[in-house]
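Structure, as structure tokens:
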Amino acid sequence: MSLINHTSRSKASSKPSSRRTETARVYAHPIPIIFPELTCKFLGLSLTRPLNPHCTALFDPLTRSAWVSNSGDATLLWQRGFFGKGDLSRSEPSWLARQINARKMKGKGLTSEEITAKRRAERKQFKLDRAKAIAAAAAEAETAFNEQGRVIAPGIAPDGTRIIPSAATWKPTSASVPSDQSPIDVAPDEKEEIEPIQDLEHLQLSLQEAFFLVWALDCLTILHPETVFHLIVFPQNVSFTLAEIWNTFQNAHIPSSVPQPNAPSPPRFDNPFLVSYIAYHHYRSLGWVVKSGIKFCVDYLLYKRGPVFQHAEFAIVVIPVYEDPEDQANSPFKLQNAEPFTWSWLSTINRVNSQVQKTLVLSYITIPAESRVSPKVLSSPACFAHYSVREVVLRRFIPARMRD
Amino acid sequence: MQNHPSYPVLSQLLAKYPATGGALFQVYNDLTLAQRWTEVEVLDLPACKRAAIKGQRPTPDTDRGPSICVVVPCSLSESISTSWLRAAFTSLDPLPSEIYVAITSEDTSTVYYKISQGVVKPPV
């Protein structure tokens, strides 16, 4: 639930059910385009047009992404489909809210980063307490053995209770909450409040997300980073055409500080942008919310409704497969996972994901052979018809334990 | 990007190493603005063909004060090797006991890994 715009209903929304309805209300739309209620129908066709927000984003070649600086557009793209990520936050752009919170030092309506930080500090304190208790109990057992020659169970006190704290029963003491904010005098506080904080954060869309919004949904315009001065001496950014976006995104892997809108030469089916976009488009068009999987060593994470509702259930690893091995030998790109996995690596990824209760899905993208399909089709997104996506679900099988 | 306040500090190194420019920009902003590191300076490591960031990390620990850490940014699409990491250690003066490798993704997710020389026992 977004705690950035603190509504006046803060008391009512402290109950879990009302928080859920609030979340369902805020994140009601799965895509940025809204299809309004049918008010009039003619011969079974709706006459009301879909509402298109027409957002804008700026292309940044160095970070290979599109930046949405307008906070209205950013909120909209996040709330309707969870597109993008705040570049200074964990998910939605909340940096300004955290700075304002830090200034006010009230701690009400903590953002998700602050809640996580608090939980981590508590867990660290618990681990320190537990380590000290273990060390003390072991020392006690040692002295008991040395002096009296009897062996005592180190973790149990004489009356049978546990000395070593367990995660389930430990409670943070008041000393464990760090008071890293010293009280500020009134005068500097007032002076600081006059100066508003400039919002240095933007919502960053990966190339796949940006292309999906531009091409599949047509609700985003991407602007050229360089401003152009018109006759009226009014600086403006020129927007890319779809063809320019198609070429620029394919050329994005070349490190450069300016966009390259000319068609890649030679055009290749195994362009890294194309391969990753096909996987993104495939799952997005099936209704999944697709986010980056770097935290779990995979390419994408699939959410049923969105990150605010439930943890991701599936972790996708994109594995490109060349129809023609010759293409792989001649390729200027070294696509990740194009070579067969070693068993140890595959087991590692599977273990990491099963520990966080995610199912690992290997997504095989078949790259068409240049001998069979002419690279001329790469001049437009119609080339996607020649690729295919197949999924293989991986689960660890333990014969001894999985008999039920 | 040119209008961002961090750009003037980094512009020379972004031009010198364009391949890792995006990662450097993202990690620099994360450390200075989100993690609120202090005394941040940017170092040039020609042996690794990128710039590194050194600064003081504010820790909430009451027993351990703020510590000076070095972060070497890299992007998920790169492939790195142990010789590269060794070069990072040797090109830093004074030789640090550990460095942090910040791996960035295009959607601005950053993961930090602590790399030490040799086997180091965890503190707790």
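As shown in the structure tokens, the chain order sets the letters A, B, ...; within each chain, residues go from 1, and ligands are also counted from 1 in the order they appear.
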Self-check item: Test item: chain A residues at most 6 Å from chain B, counting only C-alpha atoms, as a list of chain:residue names
Solution: A:Leu62, A:Thr63, A:Asp87, A:Leu88, A:Ser206, A:Pro255
Exercise. Give me every strand (DSSP E) residue in range 22-121 of chain A, going by DSSP on the backbone, as a PyMOL selection string.
Key: chain A and resi 41-42+45-46+55-60+65-68+85-86
Practice problem: Write out as a list in words the residues lying within 12 Å of Pro46 in chain B, counting only C-alpha atoms and excluding same-chain residues fewer than 2 positions away. | Solution: Leu13, Lys16, Tyr17, Leu43, Asp44, Cys48, Lys49, Arg50, Ala51, Ala52, Trp84, Ala87, Ala88, Thr90, Ser91 and Leu92 of chain B
Quiz item: Tell me, which residues of range 10-111 of chain B carry DSSP helix (DSSP H, G or I), written as a count of residues only?
Solution: 36
Quiz prompt | Exercise: range 353-360 of chain A partners within 9 Å, only C-alpha atoms, chain neighbours under 6 positions left out, as a list in words | solution = Phe296, Cys297, Val298, His311, Ala312, Glu313, Phe314, Ala315, Ile316, Val317, Val392, Val393, Leu394, Arg395 and Arg396 of chain A
Since we have the selection now, will you write its residues out, keeping N, CA and C atoms, as a tab-separated table (two decimals), in the first residue's frame?
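File written: part-v6.tsv
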```
chain	number	residue	atom	x	y	z
A	296	PHE	N	17.31	-12.44	-6.94
A	296	PHE	CA	17.22	-13.88	-6.76
A	296	PHE	C	17.97	-14.63	-7.85
A	297	CYS	N	18.90	-13.95	-8.48
A	297	CYS	CA	19.80	-14.61	-9.42
A	297	CYS	C	19.08	-15.11	-10.66
A	298	VAL	N	17.95	-14.50	-11.00
A	298	VAL	CA	17.22	-14.92	-12.19
A	298	VAL	C	16.95	-13.68	-13.04
A	311	HIS	N	4.13	-12.04	-2.58
A	311	HIS	CA	5.47	-12.26	-3.12
A	311	HIS	C	5.38	-12.99	-4.46
A	312	ALA	N	6.39	-12.81	-5.29
A	312	ALA	CA	6.39	-13.44	-6.61
A	312	ALA	C	6.39	-14.95	-6.46
A	313	GLU	N	5.62	-15.60	-7.32
A	313	GLU	CA	5.53	-17.05	-7.22
A	313	GLU	C	6.52	-17.73	-8.15
A	314	PHE	N	6.85	-17.09	-9.26
A	314	PHE	CA	7.71	-17.72	-10.25
A	314	PHE	C	8.93	-16.88	-10.54
A	315	ALA	N	10.04	-17.58	-10.71
A	315	ALA	CA	11.30	-16.93	-11.08
A	315	ALA	C	11.67	-17.45	-12.46
A	316	ILE	N	11.87	-16.54	-13.40
A	316	ILE	CA	12.11	-16.94	-14.80
A	316	ILE	C	13.57	-16.78	-15.14
A	317	VAL	N	14.14	-17.80	-15.73
A	317	VAL	CA	15.48	-17.69	-16.30
A	317	VAL	C	15.30	-17.79	-17.81
A	392	VAL	N	9.91	-24.65	-19.01
A	392	VAL	CA	10.16	-25.89	-18.29
A	392	VAL	C	10.22	-25.52	-16.82
A	393	VAL	N	9.40	-26.17	-16.00
A	393	VAL	CA	9.37	-25.88	-14.57
A	393	VAL	C	10.32	-26.84	-13.86
A	394	LEU	N	11.09	-26.28	-12.95
A	394	LEU	CA	12.09	-27.10	-12.27
A	394	LEU	C	11.76	-27.20	-10.80
A	395	ARG	N	11.70	-28.44	-10.30
A	395	ARG	CA	11.51	-28.60	-8.85
A	395	ARG	C	12.43	-29.70	-8.39
A	396	ARG	N	12.94	-29.52	-7.20
A	396	ARG	CA	13.84	-30.53	-6.65
A	396	ARG	C	13.02	-31.72	-6.19
```
Self-check item: Contact residues around Ser380 in chain A with only C-alpha atoms at 8 Å, ignoring same-chain residues under 3 positions, as a PyMOL selection string
Solution: chain A and resi 243+246+377+383
Quiz item: Within 9 Å of Ser97 in chain B, counting only C-alpha atoms, which residues qualify if same-chain residues fewer than 3 places away don't, as an MDAnalysis selection string?
Solution: chainID B and resid 89 115:117
Quiz item: Residues at most 12 Å from Pro267 in chain A, counting only C-alpha atoms, excluding those fewer than 6 positions away in the same chain, as an MDAnalysis selection string?
Solution: chainID A and resid 246:247 250:251 274 331:332 370 374:380 383
Include N, CA, C and O atoms and write out the residues we just selected as an mmCIF file, in the first residue's frame.
```cif
data_model
loop_
_atom_site.group_PDB
_atom_site.id
_atom_site.type_symbol
_atom_site.label_atom_id
_atom_site.label_comp_id
_atom_site.auth_asym_id
_atom_site.auth_seq_id
_atom_site.Cartn_x
_atom_site.Cartn_y
_atom_site.Cartn_z
ATOM 1 N N TRP A 246 12.629 1.489 -32.129
ATOM 2 C CA TRP A 246 12.958 0.099 -32.464
ATOM 3 C C TRP A 246 14.466 -0.057 -32.688
ATOM 4 O O TRP A 246 15.095 -0.982 -32.195
ATOM 5 N N ASN A 247 15.043 0.893 -33.450
ATOM 6 C CA ASN A 247 16.475 0.823 -33.716
ATOM 7 C C ASN A 247 17.315 1.216 -32.517
ATOM 8 O O ASN A 247 18.317 0.571 -32.201
ATOM 9 N N GLN A 250 17.606 -1.480 -29.897
ATOM 10 C CA GLN A 250 18.470 -2.593 -30.301
ATOM 11 C C GLN A 250 19.931 -2.197 -30.229
ATOM 12 O O GLN A 250 20.802 -3.036 -29.997
ATOM 13 N N ASN A 251 20.223 -0.905 -30.435
ATOM 14 C CA ASN A 251 21.604 -0.447 -30.400
ATOM 15 C C ASN A 251 22.063 -0.076 -29.001
ATOM 16 O O ASN A 251 23.207 0.331 -28.813
ATOM 17 N N LEU A 274 16.068 -7.767 -28.082
ATOM 18 C CA LEU A 274 14.959 -8.517 -28.669
ATOM 19 C C LEU A 274 14.653 -9.761 -27.853
ATOM 20 O O LEU A 274 13.500 -10.063 -27.556
ATOM 21 N N SER A 331 28.064 -14.957 -33.758
ATOM 22 C CA SER A 331 27.367 -13.881 -33.061
ATOM 23 C C SER A 331 28.318 -12.874 -32.418
ATOM 24 O O SER A 331 29.281 -13.260 -31.773
ATOM 25 N N PRO A 332 28.045 -11.569 -32.591
ATOM 26 C CA PRO A 332 28.857 -10.571 -31.883
ATOM 27 C C PRO A 332 28.452 -10.444 -30.417
ATOM 28 O O PRO A 332 29.149 -9.800 -29.635
ATOM 29 N N GLU A 370 19.117 -17.574 -39.475
ATOM 30 C CA GLU A 370 19.174 -16.562 -40.536
ATOM 31 C C GLU A 370 19.095 -17.204 -41.907
ATOM 32 O O GLU A 370 18.759 -16.542 -42.892
ATOM 33 N N SER A 374 14.722 -14.460 -43.467
ATOM 34 C CA SER A 374 15.585 -13.362 -43.887
ATOM 35 C C SER A 374 15.659 -12.299 -42.800
ATOM 36 O O SER A 374 14.638 -11.915 -42.241
ATOM 37 N N PRO A 375 16.869 -11.790 -42.492
ATOM 38 C CA PRO A 375 16.986 -10.749 -41.466
ATOM 39 C C PRO A 375 16.243 -9.474 -41.823
ATOM 40 O O PRO A 375 16.168 -8.563 -41.002
ATOM 41 N N LYS A 376 15.687 -9.388 -43.045
ATOM 42 C CA LYS A 376 14.942 -8.174 -43.417
ATOM 43 C C LYS A 376 13.716 -8.003 -42.536
ATOM 44 O O LYS A 376 13.247 -6.882 -42.343
ATOM 45 N N VAL A 377 13.198 -9.119 -41.981
ATOM 46 C CA VAL A 377 11.997 -8.992 -41.147
ATOM 47 C C VAL A 377 12.287 -8.216 -39.874
ATOM 48 O O VAL A 377 11.377 -7.781 -39.186
ATOM 49 N N LEU A 378 13.581 -8.042 -39.556
ATOM 50 C CA LEU A 378 13.943 -7.355 -38.318
ATOM 51 C C LEU A 378 13.728 -5.848 -38.395
ATOM 52 O O LEU A 378 14.038 -5.131 -37.463
ATOM 53 N N SER A 379 13.210 -5.365 -39.524
ATOM 54 C CA SER A 379 12.988 -3.932 -39.615
ATOM 55 C C SER A 379 11.759 -3.500 -38.826
ATOM 56 O O SER A 379 11.526 -2.309 -38.656
ATOM 57 N N SER A 380 10.964 -4.464 -38.368
ATOM 58 C CA SER A 380 9.785 -4.075 -37.585
ATOM 59 C C SER A 380 9.502 -5.137 -36.538
ATOM 60 O O SER A 380 9.999 -6.254 -36.631
ATOM 61 N N CYS A 383 8.736 -9.224 -36.578
ATOM 62 C CA CYS A 383 9.663 -10.371 -36.539
ATOM 63 C C CYS A 383 9.406 -11.259 -35.335
ATOM 64 O O CYS A 383 9.880 -12.402 -35.297
#
```
Quiz item: Given the choices A:Val26, A:Ala57, A:Leu213, A:Ile152, which gets closest to Phe240 in chain A if the distance is worked out from only C-alpha atoms?
Solution: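 Using only C-alpha atoms, Phe240 in chain A sits closest to A:Ala57.
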Self-check item: Atom-to-atom span, CA of Pro259 in chain A and CA of Glu244 in chain A, Å
Solution: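 CA of Pro259 in chain A sits 9.5 Å away from CA of Glu244 in chain A.
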